[in-house]
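For reference, target33.txt is printed below; it contains compact mmCIF, C-alpha atoms and all ligand atoms.
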```txt
# COMPACT_ATOMS: atom_id res chain seq x y z
CA MET X 19 -14.51 -13.10 46.64
CA ARG X 20 -16.07 -10.04 48.29
CA PHE X 21 -16.67 -6.65 46.78
CA SER X 22 -17.97 -3.50 48.41
CA MET X 23 -21.57 -4.73 48.57
CA PRO X 24 -22.91 -5.91 51.95
CA TYR X 25 -23.64 -9.31 50.41
CA GLU X 26 -21.38 -11.72 48.58
CA GLN X 27 -20.92 -11.53 44.82
CA GLY X 28 -18.99 -13.66 42.38
CA PRO X 29 -16.75 -12.37 39.58
CA ILE X 30 -18.87 -12.71 36.44
CA ARG X 31 -22.33 -12.72 34.90
CA PRO X 32 -23.51 -12.79 31.27
CA PRO X 33 -23.52 -9.38 29.50
CA SER X 34 -27.31 -9.53 29.32
CA GLU X 35 -27.44 -9.63 33.15
CA ALA X 36 -25.51 -6.38 33.59
CA TYR X 37 -28.34 -4.78 35.60
CA SER X 38 -29.47 -7.86 37.48
CA LEU X 39 -29.22 -8.42 41.20
CA LEU X 40 -26.35 -10.91 41.66
CA VAL X 41 -27.13 -13.66 44.17
CA ARG X 42 -24.20 -15.94 44.86
CA VAL X 43 -25.66 -19.38 45.52
CA THR X 44 -22.46 -21.35 44.85
CA ARG X 45 -18.83 -20.30 44.73
CA ASN X 46 -16.64 -20.76 41.66
CA CYS X 47 -16.87 -23.59 39.13
CA PRO X 48 -17.26 -27.28 40.00
CA TRP X 49 -15.56 -28.26 36.72
CA ASN X 50 -12.90 -25.57 36.26
CA LYS X 51 -10.99 -27.37 33.52
CA CYS X 52 -11.98 -25.64 30.26
CA GLU X 53 -8.72 -24.72 28.59
CA PHE X 54 -9.85 -21.30 27.39
CA CYS X 55 -11.20 -20.17 30.77
CA GLY X 56 -9.21 -18.53 33.53
CA VAL X 57 -12.09 -17.01 35.49
CA TYR X 58 -11.90 -19.33 38.51
CA GLU X 59 -8.27 -20.36 38.24
CA GLY X 60 -7.08 -21.87 41.52
CA ALA X 61 -10.45 -21.23 43.22
CA LYS X 62 -12.14 -24.15 44.97
CA PHE X 63 -15.79 -24.87 44.25
CA GLU X 64 -18.13 -24.55 47.23
CA LEU X 65 -21.83 -25.01 47.78
CA ARG X 66 -23.30 -22.38 50.09
CA SER X 67 -25.92 -23.39 52.62
CA VAL X 68 -29.50 -22.32 52.03
CA GLU X 69 -29.43 -20.37 55.31
CA GLU X 70 -26.30 -18.46 54.31
CA ILE X 71 -27.80 -17.56 50.93
CA LYS X 72 -31.05 -16.40 52.56
CA GLU X 73 -29.10 -14.11 54.87
CA ASP X 74 -27.40 -12.62 51.81
CA ILE X 75 -30.75 -12.11 50.10
CA LEU X 76 -32.06 -10.25 53.14
CA ARG X 77 -28.93 -8.07 53.21
CA ALA X 78 -29.38 -7.34 49.49
CA ALA X 79 -33.04 -6.44 50.07
CA ALA X 80 -32.15 -3.99 52.85
CA PHE X 81 -29.35 -2.48 50.75
CA HIS X 82 -31.54 -1.90 47.70
CA ALA X 83 -34.56 -0.74 49.73
CA GLN X 84 -32.37 1.92 51.39
CA ARG X 85 -31.42 3.23 47.96
CA GLY X 86 -34.92 2.99 46.55
CA VAL X 87 -33.71 0.64 43.80
CA ALA X 88 -36.41 -1.57 42.26
CA VAL X 89 -34.99 -5.04 41.54
CA LYS X 90 -36.62 -6.57 38.48
CA THR X 91 -34.12 -9.25 37.45
CA ALA X 92 -31.73 -11.51 39.36
CA PHE X 93 -28.86 -13.74 38.29
CA LEU X 94 -27.78 -16.72 40.40
CA GLN X 95 -23.99 -17.01 40.54
CA ASP X 96 -21.47 -18.64 39.99
CA ALA X 97 -20.63 -20.93 37.06
CA ASN X 98 -23.09 -23.79 37.47
CA SER X 99 -25.66 -23.10 40.17
CA VAL X 100 -28.02 -25.81 38.92
CA ILE X 101 -25.58 -28.27 40.53
CA MET X 102 -27.25 -27.48 43.88
CA ARG X 103 -29.77 -30.05 45.05
CA THR X 104 -32.99 -29.18 43.25
CA LYS X 105 -34.90 -29.01 46.53
CA ASP X 106 -32.42 -26.45 47.94
CA LEU X 107 -32.35 -24.37 44.80
CA VAL X 108 -36.15 -24.31 44.72
CA GLU X 109 -36.17 -23.02 48.32
CA VAL X 110 -33.63 -20.31 47.48
CA ILE X 111 -35.51 -19.12 44.39
CA LYS X 112 -38.84 -19.04 46.23
CA PHE X 113 -37.29 -17.06 49.07
CA LEU X 114 -35.70 -14.66 46.59
CA LYS X 115 -39.05 -14.05 44.90
CA GLU X 116 -40.85 -13.59 48.22
CA THR X 117 -38.21 -11.12 49.39
CA PHE X 118 -38.19 -9.22 46.09
CA PRO X 119 -41.82 -9.46 44.90
CA GLY X 120 -41.03 -7.17 41.95
CA ILE X 121 -38.63 -9.67 40.38
CA GLU X 122 -39.75 -10.60 36.89
CA ARG X 123 -36.82 -12.77 35.77
CA VAL X 124 -34.42 -15.12 37.57
CA THR X 125 -31.56 -16.61 35.56
CA SER X 126 -28.55 -18.84 36.10
CA TYR X 127 -25.62 -20.42 34.31
CA GLY X 128 -25.86 -24.18 33.87
CA ARG X 129 -23.42 -26.75 32.48
CA SER X 130 -24.84 -29.18 29.95
CA HIS X 131 -23.19 -32.05 31.82
CA THR X 132 -25.21 -31.23 34.94
CA LEU X 133 -28.45 -30.33 33.16
CA ALA X 134 -28.39 -33.57 31.18
CA LYS X 135 -28.57 -35.41 34.51
CA ARG X 136 -31.65 -33.48 35.68
CA SER X 137 -35.04 -34.86 34.73
CA VAL X 138 -37.58 -32.65 32.99
CA GLU X 139 -39.68 -32.90 36.19
CA GLU X 140 -36.83 -31.52 38.30
CA LEU X 141 -36.28 -28.70 35.84
CA LYS X 142 -40.02 -27.99 35.92
CA GLU X 143 -39.80 -27.66 39.70
CA LEU X 144 -37.15 -24.98 39.20
CA LYS X 145 -39.29 -23.29 36.58
CA ASP X 146 -42.35 -23.33 38.87
CA ALA X 147 -40.27 -21.87 41.70
CA GLY X 148 -39.36 -18.97 39.41
CA LEU X 149 -36.23 -19.86 37.44
CA SER X 150 -36.95 -18.24 34.11
CA ARG X 151 -33.77 -18.62 32.07
CA ILE X 152 -30.62 -20.75 31.93
CA HIS X 153 -27.46 -19.62 30.14
CA VAL X 154 -25.44 -22.59 28.88
CA GLY X 155 -21.83 -22.30 27.72
CA LEU X 156 -22.18 -24.58 24.71
CA GLU X 157 -19.01 -23.16 23.10
CA THR X 158 -19.00 -25.81 20.34
CA GLY X 159 -21.02 -28.76 19.15
CA TYR X 160 -18.00 -30.50 17.63
CA GLY X 161 -17.06 -33.52 19.77
CA GLU X 162 -13.34 -33.58 19.05
CA LEU X 163 -13.05 -29.91 19.92
CA LEU X 164 -15.10 -30.33 23.12
CA GLU X 165 -12.54 -32.93 24.18
CA TYR X 166 -9.57 -30.85 23.03
CA VAL X 167 -10.59 -27.86 25.17
CA LYS X 168 -11.68 -30.15 28.06
CA LYS X 169 -15.24 -28.86 28.15
CA GLY X 170 -16.31 -31.96 30.02
CA CYS X 171 -19.35 -32.82 27.95
CA THR X 172 -20.32 -34.39 24.63
CA PRO X 173 -22.47 -33.04 21.78
CA GLU X 174 -25.19 -35.49 22.86
CA GLN X 175 -25.15 -34.12 26.41
CA HIS X 176 -25.47 -30.60 24.98
CA VAL X 177 -28.52 -31.72 23.02
CA THR X 178 -30.14 -33.62 25.92
CA ALA X 179 -29.53 -30.74 28.33
CA GLY X 180 -30.87 -28.13 25.94
CA GLN X 181 -33.95 -30.11 24.97
CA ARG X 182 -34.84 -30.82 28.62
CA VAL X 183 -34.48 -27.17 29.64
CA LYS X 184 -36.81 -26.20 26.81
CA GLU X 185 -39.28 -28.95 27.59
CA ALA X 186 -39.43 -27.72 31.17
CA GLY X 187 -40.48 -24.30 29.85
CA ILE X 188 -37.31 -22.50 30.92
CA THR X 189 -35.91 -19.97 28.46
CA LEU X 190 -32.64 -21.29 27.06
CA SER X 191 -29.68 -19.17 26.06
CA GLU X 192 -26.75 -20.99 24.42
CA TYR X 193 -23.31 -19.37 24.21
CA VAL X 194 -21.15 -20.20 21.21
CA MET X 195 -17.47 -19.32 20.92
CA PRO X 196 -16.48 -18.41 17.34
CA GLY X 197 -12.77 -18.99 16.76
CA LEU X 198 -12.46 -21.78 19.35
CA GLY X 199 -11.52 -24.39 16.73
CA GLY X 200 -8.60 -22.30 15.52
CA LYS X 201 -7.26 -22.80 12.00
CA LYS X 202 -7.48 -26.58 12.22
CA TRP X 203 -11.15 -27.06 13.05
CA TRP X 204 -12.96 -23.87 12.06
CA ARG X 205 -15.19 -25.64 9.51
CA GLU X 206 -16.14 -28.54 11.79
CA HIS X 207 -16.68 -26.14 14.68
CA ALA X 208 -19.07 -24.00 12.56
CA THR X 209 -21.09 -26.81 11.03
CA GLU X 210 -21.27 -29.21 14.01
CA THR X 211 -22.20 -26.41 16.40
CA ALA X 212 -24.99 -25.34 14.07
CA ARG X 213 -26.22 -28.94 13.80
CA VAL X 214 -26.37 -29.33 17.59
CA LEU X 215 -28.27 -26.05 17.87
CA ASN X 216 -30.65 -27.10 15.09
CA ARG X 217 -31.64 -30.05 17.29
CA ILE X 218 -32.07 -27.90 20.39
CA ASP X 219 -33.73 -24.80 18.87
CA PRO X 220 -32.81 -22.61 21.87
CA ASP X 221 -34.52 -19.30 22.56
CA PHE X 222 -31.21 -17.44 22.23
CA ILE X 223 -27.93 -18.15 20.47
CA ARG X 224 -25.28 -15.74 21.73
CA ILE X 225 -21.79 -15.46 20.36
CA ARG X 226 -18.67 -14.58 22.31
CA SER X 227 -15.54 -14.63 20.15
CA MET X 228 -12.48 -16.56 21.24
CA SER X 229 -9.45 -14.68 22.44
CA ALA X 230 -6.79 -16.76 24.17
CA LYS X 231 -6.15 -15.11 27.51
CA PRO X 232 -2.54 -15.19 28.73
CA GLY X 233 -2.23 -17.74 31.55
CA THR X 234 -4.84 -20.14 30.15
CA PRO X 235 -3.82 -23.57 28.80
CA ILE X 236 -5.03 -22.70 25.31
CA HIS X 237 -2.84 -19.61 25.30
CA ASP X 238 0.12 -21.83 26.20
CA LYS X 239 -0.81 -24.09 23.28
CA GLN X 240 -0.95 -21.04 21.04
CA GLU X 241 2.53 -20.01 22.22
CA ARG X 242 3.84 -23.50 21.41
CA GLY X 243 2.19 -23.39 17.97
CA GLU X 244 -0.19 -26.26 18.81
CA TRP X 245 -3.31 -24.13 18.43
CA GLU X 246 -3.49 -21.39 15.79
CA ARG X 247 -5.85 -18.49 16.30
CA LEU X 248 -8.06 -17.14 13.56
CA ASN X 249 -7.84 -13.49 12.61
CA ASP X 250 -10.91 -11.25 12.53
CA GLU X 251 -11.75 -11.99 8.91
CA GLU X 252 -11.38 -15.75 9.40
CA ILE X 253 -13.69 -15.64 12.41
CA ILE X 254 -16.29 -13.80 10.34
CA ARG X 255 -15.99 -16.45 7.59
CA GLU X 256 -16.55 -19.10 10.26
CA GLU X 257 -19.62 -17.19 11.52
CA GLN X 258 -20.87 -17.07 7.92
CA LEU X 259 -20.68 -20.86 7.62
CA PHE X 260 -22.23 -21.25 11.09
CA ILE X 261 -25.21 -19.04 10.26
CA GLN X 262 -25.62 -20.67 6.84
CA THR X 263 -25.84 -24.09 8.55
CA LEU X 264 -28.42 -23.01 11.16
CA GLU X 265 -31.75 -24.30 9.93
CA GLY X 266 -35.28 -24.99 11.15
CA ILE X 267 -34.85 -22.93 14.33
CA ASN X 268 -36.74 -20.04 15.86
CA SER X 269 -33.89 -18.68 17.97
CA TYR X 270 -32.91 -15.07 18.49
CA PHE X 271 -29.28 -14.63 17.43
CA ALA X 272 -27.35 -12.10 19.52
CA SER X 273 -23.87 -10.68 19.23
CA ASP X 274 -23.71 -8.98 22.61
CA HIS X 275 -20.13 -9.50 23.73
CA MET X 276 -17.54 -6.76 23.29
CA LEU X 277 -14.99 -9.24 21.91
CA ASN X 278 -17.17 -9.77 18.83
CA LEU X 279 -16.24 -7.82 15.74
CA LEU X 280 -19.72 -7.45 14.22
CA MET X 281 -21.95 -6.31 17.07
CA GLU X 282 -24.80 -5.71 14.64
CA LEU X 283 -25.34 -9.43 14.04
CA ASN X 284 -28.64 -9.49 15.91
CA GLY X 285 -31.81 -10.98 14.57
CA LYS X 286 -34.49 -13.60 14.79
CA PHE X 287 -34.41 -16.89 12.94
CA PRO X 288 -35.63 -17.76 10.41
CA GLU X 289 -36.81 -14.38 9.15
CA ASP X 290 -33.59 -12.42 9.72
CA LYS X 291 -31.12 -15.09 8.56
CA ASP X 292 -30.53 -13.46 5.15
CA GLU X 293 -30.09 -10.08 6.76
CA LEU X 294 -27.41 -11.47 9.10
CA LEU X 295 -25.63 -13.05 6.15
CA GLY X 296 -25.91 -9.74 4.29
CA ILE X 297 -24.09 -7.91 7.11
CA ILE X 298 -21.31 -10.50 6.91
CA GLU X 299 -21.12 -10.17 3.11
CA ARG X 300 -20.86 -6.42 3.47
CA TYR X 301 -17.88 -6.77 5.82
CA LEU X 302 -16.18 -9.41 3.66
CA GLU X 303 -16.45 -7.20 0.59
CA LEU X 304 -14.56 -4.34 2.26
CA PRO X 305 -11.03 -3.69 0.94
CA GLN X 306 -8.33 -5.05 3.28
CA GLU X 307 -7.39 -1.57 4.54
CA GLU X 308 -11.01 -0.92 5.50
CA LYS X 309 -11.21 -4.26 7.32
CA PHE X 310 -8.16 -3.31 9.39
CA ASN X 311 -9.59 0.14 10.01
CA PHE X 312 -12.86 -1.40 11.24
CA SER X 313 -11.08 -3.94 13.45
CA ILE X 314 -8.98 -1.23 15.09
CA GLY X 315 -11.98 1.08 15.48
CA ARG X 316 -13.96 -1.70 17.16
CA ARG X 317 -11.14 -2.68 19.50
CA LEU X 318 -10.54 0.92 20.52
CA GLY X 319 -14.25 1.50 21.11
CA TYR X 320 -14.87 4.08 18.35
CA TYR X 321 -17.06 1.84 16.21
CA MET X 322 -19.89 -0.54 17.01
CA ARG X 323 -21.39 -0.99 13.56
CA LEU X 324 -19.97 -0.97 10.02
CA ASP X 325 -21.73 2.35 9.32
CA ASP X 326 -19.82 4.02 12.16
CA ARG X 327 -16.85 4.29 9.76
CA GLU X 328 -18.83 7.11 8.16
CA ASN X 329 -18.99 9.10 11.37
CA GLU X 330 -16.40 11.83 10.72
CA GLU X 331 -15.24 12.26 14.30
CA ALA X 332 -14.88 8.52 14.99
CA ARG X 333 -13.17 8.00 11.64
CA THR X 334 -10.59 10.72 12.35
CA HIS X 335 -9.69 9.13 15.70
CA VAL X 336 -9.39 5.68 14.13
CA ASP X 337 -7.32 6.91 11.16
CA ILE X 338 -4.86 8.52 13.58
CA ALA X 339 -4.72 5.33 15.68
CA VAL X 340 -4.17 3.16 12.59
CA GLU X 341 -1.26 5.35 11.47
CA ARG X 342 0.31 5.15 14.93
CA LEU X 343 -0.12 1.38 15.12
CA GLN X 344 1.32 0.95 11.64
CA ARG X 345 4.45 2.77 12.80
CA ASN X 346 4.66 0.93 16.15
CA PHE X 347 4.11 -2.50 14.63
CA ASP X 348 6.07 -1.99 11.43
CA GLY X 349 2.94 -2.38 9.33
CA ASP X 350 2.00 -5.71 10.99
CA MET X 351 -1.66 -4.88 11.56
CA GLU X 352 -2.62 -8.44 12.56
CA THR X 353 -0.34 -8.17 15.60
CA ALA X 354 -1.60 -4.65 16.31
CA ILE X 355 -5.20 -5.95 16.39
CA ILE X 356 -4.23 -8.84 18.71
CA LYS X 357 -2.59 -6.38 21.10
CA CYS X 358 -5.68 -4.16 21.07
CA MET X 359 -7.84 -7.22 21.81
CA GLU X 360 -5.61 -8.33 24.66
CA GLN X 361 -6.36 -5.01 26.35
CA MET X 362 -10.04 -5.98 26.32
CA ILE X 363 -9.78 -9.35 28.09
S1 LIG A 1 -17.55 -24.60 32.94
FE1 LIG A 1 -17.55 -22.39 32.53
S2 LIG A 1 -16.65 -21.42 34.34
FE2 LIG A 1 -16.17 -23.63 34.44
S3 LIG A 1 -14.15 -23.78 33.53
FE3 LIG A 1 -15.64 -24.14 31.90
S4 LIG A 1 -15.99 -22.12 30.96
FE4 LIG A 1 -14.97 -21.77 32.95
```
For this file, write the structure as structure tokens.
Ligand code: SF4
Amino acid sequence: MRFSMPYEQGPIRPPSEAYSLLVRVTRNCPWNKCEFCGVYEGAKFELRSVEEIKEDILRAAAFHAQRGVAVKTAFLQDANSVIMRTKDLVEVIKFLKETFPGIERVTSYGRSHTLAKRSVEELKELKDAGLSRIHVGLETGYGELLEYVKKGCTPEQHVTAGQRVKEAGITLSEYVMPGLGGKKWWREHATETARVLNRIDPDFIRIRSMSAKPGTPIHDKQERGEWERLNDEEIIREEQLFIQTLEGINSYFASDHMLNLLMELNGKFPEDKDELLGIIERYLELPQEEKFNFSIGRRLGYYMRLDDRENEEARTHVDIAVERLQRNFDGDMETAIIKCMEQMI
């Protein structure tokens, strides 16, 4: 996939890498079977040669130098770049750092299945070359659900991968997907995911709420009634149980994805755990009408935090939108919220 840049870029990066230089070291996803994911649908995985990547890095350097842009962070695309031979990836990262001496952070996605096969020594080689952070799509720590959504790894592989990354001194960011277990497995998903993370103690736990994208296998299952989605309130109850079960960790918890309802769930464990639970309590205690109002305001981009409901201008816009949606959806606000969410994915 090529965009307007003079060097190749892939389609996605984590939200926290929004301002990073994107360096495409592999194309697409070597697994490409997760049932909730349509990012690389139909796209074949390819390794790029070290020479080809270096040429891209040089083109990126010339492009940014021309514009006087200082590059401080870089993200290695696409879905699982650590699948490259360690020796090759080390060469690429070293070259990237030599070409952009101002780079302070180099990050990549990594699948647990792949990372669990790397030794701590290999991961240390990557760390010494300059790889500072790995983002892992953990999604869930519940084995049955990992199989159900075809994640291609086990809870034990998640734990091994995470522990090795940490032992190598690389910052570890684990992505969890609230709502993935649907109505059937929300409890197991919350508690087992927390237990896996308790064993890993990653630097970051980031949440990205589930929303079944049309065209994905899980959306088809939803249409056939085989997988039942949770509504906003149910997802927050699941997050409550998840956070309650997280123990003995020192992770930073971040809600930094626009699909999440409560974007203010950010804090450091263990000291901020009660505060996070307090935010959830505050939401759960809202009257039903206020919960709907907040959900609509979030999905339409007027609110970020619970307190934003007190902003007069935002509130007026949301009240008008709620009235309109009530008319259009015959008072079925659950469906109205789903439709608003579908516009976001
Ligand atoms: S490993 Fe990641 S990119 Fe690949 S299919 Fe699964 S979620 Fe999508």
Shortest contact to Leu190 (chain X), candidates X:Gln240, X:Gln361, X:Thr158, X:Asn268, atoms counted all atoms listed in the file, goes to X:Asn268
Please list as number ranges by chain every residue within 12 Å of Leu107 (chain X), counting only C-alpha atoms and excluding residues in the same chain fewer than 5 positions away. X: 41-44, 65-69, 71-72, 94-95, 98-102, 112-114, 124, 126, 140-141, 143-149
May I ask for the distance between CA of Ser229 (chain X) and CA of Met359 (chain X), given in Å to one decimal place?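 CA of Met359 (chain X) lies 7.7 Å from CA of Ser229 (chain X).
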Using all atoms listed in the file, I'd like a table of the residues in chain X that come within 10 Å of ligand LIG 1 (chain A); for each, show the closest atom pair and its distance in Å rounded to one decimal, ordered by chain and ascending number, as CSV.
```
residue,atom,partner,partner_atom,distance
X:Ile30,CA,A:LIG1,S2,9.2
X:Asn46,CA,A:LIG1,S2,7.3
X:Cys47,CA,A:LIG1,FE2,4.7
X:Pro48,CA,A:LIG1,FE2,6.7
X:Trp49,CA,A:LIG1,FE2,5.2
X:Asn50,CA,A:LIG1,S3,3.5
X:Lys51,CA,A:LIG1,S3,4.8
X:Cys52,CA,A:LIG1,FE3,4.3
X:Glu53,CA,A:LIG1,S3,7.4
X:Phe54,CA,A:LIG1,S4,7.1
X:Cys55,CA,A:LIG1,FE4,4.6
X:Gly56,CA,A:LIG1,FE4,6.6
X:Val57,CA,A:LIG1,FE4,6.1
X:Tyr58,CA,A:LIG1,S2,6.7
X:Glu59,CA,A:LIG1,S3,8.3
X:Phe63,CA,A:LIG1,FE2,9.9
X:Asp96,CA,A:LIG1,S2,7.9
X:Ala97,CA,A:LIG1,S2,4.8
X:Asn98,CA,A:LIG1,S1,7.2
X:Tyr127,CA,A:LIG1,FE1,8.5
X:Gly128,CA,A:LIG1,S1,8.4
X:Arg129,CA,A:LIG1,S1,6.3
X:Ser130,CA,A:LIG1,S1,9.1
X:His131,CA,A:LIG1,S1,9.4
X:Val154,CA,A:LIG1,FE1,8.7
X:Gly155,CA,A:LIG1,FE1,6.4
X:Leu156,CA,A:LIG1,S4,9.1
X:Glu157,CA,A:LIG1,S4,8.5
X:Val167,CA,A:LIG1,FE3,9.2
X:Lys168,CA,A:LIG1,FE3,8.2
X:Lys169,CA,A:LIG1,FE3,6.0
X:Gly170,CA,A:LIG1,S1,8.0
X:Cys171,CA,A:LIG1,S1,9.8
```
(message) as a list in words, please: the residues near Ala36 (chain X) (cut-off 12 Å, only C-alpha atoms, same-chain neighbours under 2 positions excluded).
(response)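 Non-adjacent residues within range: Ile30, Arg31, Pro32, Pro33, Ser34, Ser38, Leu39, Leu40, Thr91, Ala92, Phe93, Asp274 and His275 of chain X.
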Of X:Gly296, X:Pro220, X:Pro196, X:Pro232, the one nearest to Leu248 (chain X) when counting only C-alpha atoms is X:Pro196
From the coordinates I just gave you, please extract region 112-129 of chain X so that only N, CA and C atoms remain, then output it as a compact mmCIF listing (two decimals), in the first residue's frame.
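Generated output (out_26.txt):
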```txt
# COMPACT_ATOMS: atom_id res chain seq x y z
N LYS X 112 19.67 -0.33 13.61
CA LYS X 112 20.93 0.42 13.74
C LYS X 112 21.04 1.48 12.64
N PHE X 113 20.69 1.06 11.44
CA PHE X 113 20.75 2.00 10.30
C PHE X 113 19.78 3.16 10.52
N LEU X 114 18.60 2.84 11.01
CA LEU X 114 17.59 3.87 11.28
C LEU X 114 18.14 4.88 12.29
N LYS X 115 18.78 4.38 13.33
CA LYS X 115 19.28 5.28 14.37
C LYS X 115 20.49 6.09 13.89
N GLU X 116 21.29 5.48 13.01
CA GLU X 116 22.42 6.25 12.45
C GLU X 116 21.91 7.35 11.53
N THR X 117 20.87 7.01 10.76
CA THR X 117 20.34 7.98 9.79
C THR X 117 19.58 9.10 10.47
N PHE X 118 18.88 8.75 11.55
CA PHE X 118 18.14 9.76 12.33
C PHE X 118 18.74 9.78 13.74
N PRO X 119 19.86 10.48 13.94
CA PRO X 119 20.51 10.42 15.26
C PRO X 119 19.64 10.99 16.38
N GLY X 120 18.62 11.78 16.02
CA GLY X 120 17.77 12.39 17.06
C GLY X 120 16.69 11.45 17.57
N ILE X 121 16.61 10.24 17.02
CA ILE X 121 15.54 9.33 17.44
C ILE X 121 15.75 8.86 18.88
N GLU X 122 14.69 9.04 19.67
CA GLU X 122 14.79 8.66 21.09
C GLU X 122 14.03 7.36 21.39
N ARG X 123 13.10 6.99 20.48
CA ARG X 123 12.29 5.80 20.76
C ARG X 123 11.96 5.07 19.46
N VAL X 124 12.20 3.77 19.44
CA VAL X 124 11.83 2.94 18.28
C VAL X 124 10.90 1.85 18.79
N THR X 125 9.74 1.71 18.17
CA THR X 125 8.76 0.74 18.67
C THR X 125 8.24 -0.14 17.53
N SER X 126 7.60 -1.24 17.92
CA SER X 126 7.09 -2.17 16.92
C SER X 126 5.92 -2.95 17.51
N TYR X 127 5.05 -3.47 16.65
CA TYR X 127 4.09 -4.47 17.10
C TYR X 127 4.82 -5.81 17.16
N GLY X 128 4.34 -6.70 18.02
CA GLY X 128 4.90 -8.06 18.05
C GLY X 128 3.82 -9.02 18.50
N ARG X 129 3.71 -10.16 17.83
CA ARG X 129 2.75 -11.18 18.27
C ARG X 129 3.38 -12.03 19.38
```
